[in-house]
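Asks: Please see the structure below; I have some questions.
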Amino acid sequence: MKTLYVRIVLTTLAVMALSSLVSFLLTNVYYQLYLKPENAERLTEIATEVQTFVSATDVEAELYLTHLGELGYQLAIFDEQSLKPVFYGEAFREQTLQASNVQEVLAGGTYSGVSKNEGQLFVTGFFNNELSNSIGVPITINNETYALFIRPSIEQQLGEFREFLAILITFIILFSILLVFVSTRYIVSPIEQLTRATKRLSKVQFDVVLPTNRKDEIGQLALQFSKMMKEWQQLEGMRQEFVANVSHEIQSPLTTIQGMTTALADKDLSIKQKAYYLEQINLESKRLSSLSRQLLTLASLENSGPEMSEVSLNQQWKEVFQATAFKWREKELYIESDLPSLEVSADAQLLYQVWLNLFTNALKFSHHGGTISIEGRRTSSHTEIKITDNGQGISEAAQPYIFERFFKEDQARTSEKSNNGLGLAIVAKIVKLHGGTIDVTSEKGKGAMFIVRLPHEK
C-alpha cells in the first residue's frame with residue numbers, strides 16, 4: 001500500500017520530470033520558429049565578412065582560417081578539383097555534405113544549412129555538430145574559388161559554461177529531490193499524527209496533543225480535530241455519567257422491590273405490614289415506569305423532529321388543569337390564569353408535555369394553600385408563558401444546572417422519590433426543538449418562575 005508520503009513524493013517527482021520534458025519541447029519549438037532564422041542570418045553575416053576579408057586583402061588565408069578555428073569556429077574548405085575538404089578548428093561530428101551543395105557554393109551561391117536543418121525532437125538544431133548544419137559562401141584565395149562552410153563551435157565557445165550549466169542542473173535536480181523528501185515529510189507529519197490520534201480516539205483515549213500552530217489547511221484540520229476531540233471527551237463523560245445515573249435510578253427501586261418481596265415471603269407478617277409492602281412495591285414500580293417512559297421520550301426527541309401544527313394554548317392549559325385537578329385541590333392551591341386567546345405553531349403533544357411537566361413541578365414544590373399563576377402574552381417576535389409558584393424555590397447555585405439530565409438539588413427537592421431529574425431536561429429539549437428558550441428566576445424559599453418563549457416562526 002502506498003502511503004500518502006510516497007504518493008506526494010512520486011507525484012512531485014513526476015511533475016518535475018513532466019514539466020522539464022514539456023519545457024524542453026516548448027523551447028525546441030521556440031528555437032525552430034524564432035531563433036533558428038536569427039542564427040542563420042547572423043552566421044551568414046559572419047561568413048560574408050570572412051568572404052570579403054579573405055577576398056579583398058592580401059592576408060595569408062591559411063593562417064587566417066586557422067586563427068578563426070582557434071577563436072571558436074568550425075570551418076571546411078572545398079576546392080574545385082577535389083570534394084575532400086580541409087578542416088579548421090574543432091572537427092565536425094558528421095562531415096557528410098551533398099556534392100550539389102558544394103557545387104552550388106562554388107558556382108557563387110550561398111548555402112544556408114542552419115535554416116534548412118531539421119531539429120531533432122530532444123535536441124535543437126543549433127547544437128547539431130554537422131557539416132550540413134553550416135553556412136556556405138564562395139571565397140577567392142590566390143585567384144582561385146573555394147567553397148567555405150562555417151559554423152560556431154559550441155564545444156569550444158560554450159565548453160566551460162556548458163560544464164558549469166551541467167553541474168548547476170545536476171545540483172538543482174539533486175537538491176530538488178532532497179527538498180521534496182524533506183518538505184513532504186513536513187506536510188505529511190501532521191496527517192500521520194492525526195491518524196495516530198484517530199486510532200487512540202477510537203480506543204477512547206484522549207491524551208493526544210496535536211500541532212495547531214500551523215496557519216495552513218492542515219493546521220486548521222488539526223485545530224478542528226482537537227476541538228472535536230474535546231467535545232467527544234465531554235460527550236464521553238456525559239455518557240458515562242448518564243449511564244451511572246440511569247443505573248442508580250433503576251437500582252434504587254429494584255433494591256427496594258427485592259427487599260419488599262423477600263419480606264412478603266415471611267408468613268408471620270401481619271395484614272397491615274403486607275399491605276404496606278405491597279403499596280411500596282407499587283410506588284417503586286410506578287417510579288420505574290416513569291423513568292423508562294421519560295428515557296424513551298428523551299430518545300425520541302433526539303431522533304425525530306416536531307410535527308408542527310396550530311395549537312391553542314388556552315385549550316392545552318385547560319387540559320393540564322383538568323388532568324392535575326385532584327393534586328392541586330388536595331393541596332388547596334389557588335390557581336391564577338391570565339391567558340388571552342393564544343395560538344402557536346408547535347407539536348401539540350410535545351408542547352402539552354412542557355406545560356404538564358412545569359405545572360406538575362409547581363404543584364410538587366408549592367406549600368399547602370399556596371398560589372400558582374399562569375400568564376401569557378404575545379410580542380412582535382414570540383409568545384411568552386410564565387409559570388410562577390410561591391413554594392420552596394431553587395437555590396442560585398443550582399439554577400444553572402436544573403435543565404441537565406438527572407440533576408437534583410441536594411435538599412428538599414430530592415425528598416420526593418418520584419423526582420428522577422429528567423422532567424426539566426425534557427422540557428428544555430422540547431422548547432429547543434421548537435426554536436424557543438426557557439429561563440428560570442427563583443430565590444430559595446420564595447418560589448420560582450419559569451418563562452417559556454416560543455418564536456412565531458421556527
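Just remember, in the C-alpha cells the first chain shown is A, the second B, etc., residues are 1-based per chain, and ligands are 1-based in the order shown.
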Which residues in range 248-394 of chain A does DSSP call helix (DSSP H, G or I)? List them as a PyMOL selection string.

Replies: chain A and resi 248-264+271-303+313-323+325-330+348-365

Asks: Could you find all residues in range 23-102 of chain A that DSSP calls strand (DSSP E) from the backbone, and write them as a list in words?

Replies: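 DSSP on the backbone gives strand (DSSP E) at Tyr73, Gln74, Leu75, Ala76, Ile77, Phe78, Val86, Phe87 and Tyr88 of chain A.
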
Asks: Taking C-alpha atoms for each residue, export the selection above as a tab-separated table (two decimals), in the first residue's frame.

Replies:
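This is the output file selection-v4.tsv:
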chain	number	residue	atom	x	y	z
A	73	TYR	CA	34.57	28.42	-35.32
A	74	GLN	CA	34.42	25.21	-37.33
A	75	LEU	CA	35.41	25.65	-40.99
A	76	ALA	CA	35.61	23.43	-44.06
A	77	ILE	CA	37.20	24.49	-47.39
A	78	PHE	CA	36.35	22.75	-50.66
A	86	VAL	CA	40.27	20.92	-45.43
A	87	PHE	CA	39.05	21.48	-41.87
A	88	TYR	CA	39.97	24.20	-39.40

Asks: Would you compute the distance between CA of Leu313 in chain A and CA of Val440 in chain A? Give it in Å to one decimal.

Replies: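 Atom-to-atom, CA of Leu313 in chain A and CA of Val440 in chain A are spaced 20.2 Å apart.
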
Asks: For Ile141 in chain A, find every residue with an atom within 12 Å (counting only C-alpha atoms), except residues of its own chain fewer than 6 positions away, and show them as a compact mmCIF listing (two decimals) with N, CA and C atoms, in the first residue's frame.

Replies:
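Listing of selection.txt after writing:
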# COMPACT_ATOMS: atom_id res chain seq x y z
N VAL A 50 33.88 37.09 -43.56
CA VAL A 50 35.08 36.29 -43.82
C VAL A 50 35.37 36.27 -45.31
N GLN A 51 34.32 36.08 -46.09
CA GLN A 51 34.48 36.05 -47.56
C GLN A 51 35.08 37.36 -48.06
N THR A 52 34.54 38.46 -47.58
CA THR A 52 35.00 39.78 -48.03
C THR A 52 36.43 40.03 -47.59
N PHE A 53 36.73 39.67 -46.33
CA PHE A 53 38.06 39.94 -45.79
C PHE A 53 39.14 39.14 -46.53
N VAL A 54 38.87 37.83 -46.76
CA VAL A 54 39.86 36.99 -47.44
C VAL A 54 40.04 37.43 -48.89
N SER A 55 38.93 37.78 -49.55
CA SER A 55 38.99 38.11 -50.97
C SER A 55 39.58 39.49 -51.21
N ALA A 56 39.42 40.41 -50.27
CA ALA A 56 39.80 41.80 -50.50
C ALA A 56 41.15 42.16 -49.92
N THR A 57 41.77 41.26 -49.17
CA THR A 57 43.06 41.58 -48.56
C THR A 57 44.10 40.58 -48.99
N ASP A 58 45.33 40.91 -48.68
CA ASP A 58 46.45 40.01 -49.02
C ASP A 58 46.82 39.11 -47.85
N VAL A 59 45.89 38.96 -46.88
CA VAL A 59 46.19 38.14 -45.71
C VAL A 59 46.41 36.70 -46.15
N GLU A 60 47.27 36.03 -45.43
CA GLU A 60 47.52 34.62 -45.73
C GLU A 60 46.30 33.82 -45.28
N ALA A 61 45.57 33.25 -46.23
CA ALA A 61 44.31 32.58 -45.95
C ALA A 61 44.48 31.43 -44.98
N GLU A 62 45.55 30.67 -45.12
CA GLU A 62 45.75 29.51 -44.25
C GLU A 62 45.86 29.94 -42.80
N TYR A 64 44.88 32.82 -41.48
CA TYR A 64 43.64 33.48 -41.04
C TYR A 64 42.57 32.45 -40.67
N LEU A 65 42.41 31.44 -41.52
CA LEU A 65 41.40 30.41 -41.23
C LEU A 65 41.77 29.61 -39.98
N ILE A 77 36.89 23.87 -46.11
CA ILE A 77 37.20 24.49 -47.39
C ILE A 77 37.20 23.42 -48.48
N PHE A 78 36.39 23.64 -49.50
CA PHE A 78 36.35 22.75 -50.66
C PHE A 78 36.93 23.52 -51.87
N ASP A 79 37.78 22.83 -52.68
CA ASP A 79 38.23 23.47 -53.91
C ASP A 79 37.48 22.87 -55.09
N ALA A 147 34.94 26.89 -51.79
CA ALA A 147 33.66 26.90 -51.05
C ALA A 147 33.97 26.82 -49.56
N LEU A 148 33.57 27.87 -48.81
CA LEU A 148 33.81 27.94 -47.36
C LEU A 148 32.51 27.63 -46.62

Asks: So that I can check the surroundings of Glu310 in chain A, please list as a PDB file with C-alpha atoms, in the first residue's frame every protein, DNA and RNA residue that reaches within 9 Å of it, counting only C-alpha atoms and ignoring chain neighbours fewer than 4 positions away.

Replies:
ATOM      1  CA  GLU A 343     -52.110  30.162  19.260  1.00  0.00           C
ATOM      2  CA  VAL A 344     -48.626  28.994  18.302  1.00  0.00           C
ATOM      3  CA  SER A 345     -47.143  26.746  15.638  1.00  0.00           C
ATOM      4  CA  ALA A 346     -45.877  23.706  17.532  1.00  0.00           C
ATOM      5  CA  ASP A 347     -46.084  19.964  18.076  1.00  0.00           C
ATOM      6  CA  ALA A 348     -49.260  19.700  20.177  1.00  0.00           C
TER       7      ALA A 348
END

Asks: Show which residues sit within 9 Å of Ile177 in chain A, as a list in words. Count only C-alpha atoms, and ignore same-chain residues fewer than 3 positions away.

Replies: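 Residues near the query, excluding close chain neighbours: Val9, Thr12, Leu13, Ile172, Ile173, Leu174, Val180, Phe181 and Val182 of chain A.
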
Asks: Just write the chosen residues, C-alpha atoms, as a PDB file, in the first residue's frame.

Replies:
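Dumped everything to part_1.pdb:
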ATOM      1  CA  VAL A   9       6.987  12.313  -3.385  1.00  0.00           C
ATOM      2  CA  THR A  12       6.144  15.743  -7.193  1.00  0.00           C
ATOM      3  CA  LEU A  13       8.968  13.924  -8.988  1.00  0.00           C
ATOM      4  CA  ILE A 172      19.322  21.651  -8.840  1.00  0.00           C
ATOM      5  CA  ILE A 173      17.856  18.209  -9.525  1.00  0.00           C
ATOM      6  CA  LEU A 174      19.576  16.575  -6.540  1.00  0.00           C
ATOM      7  CA  VAL A 180      10.856  17.178  -1.942  1.00  0.00           C
ATOM      8  CA  PHE A 181      11.509  14.350   0.534  1.00  0.00           C
ATOM      9  CA  VAL A 182      12.044  16.777   3.438  1.00  0.00           C
TER      10      VAL A 182
END
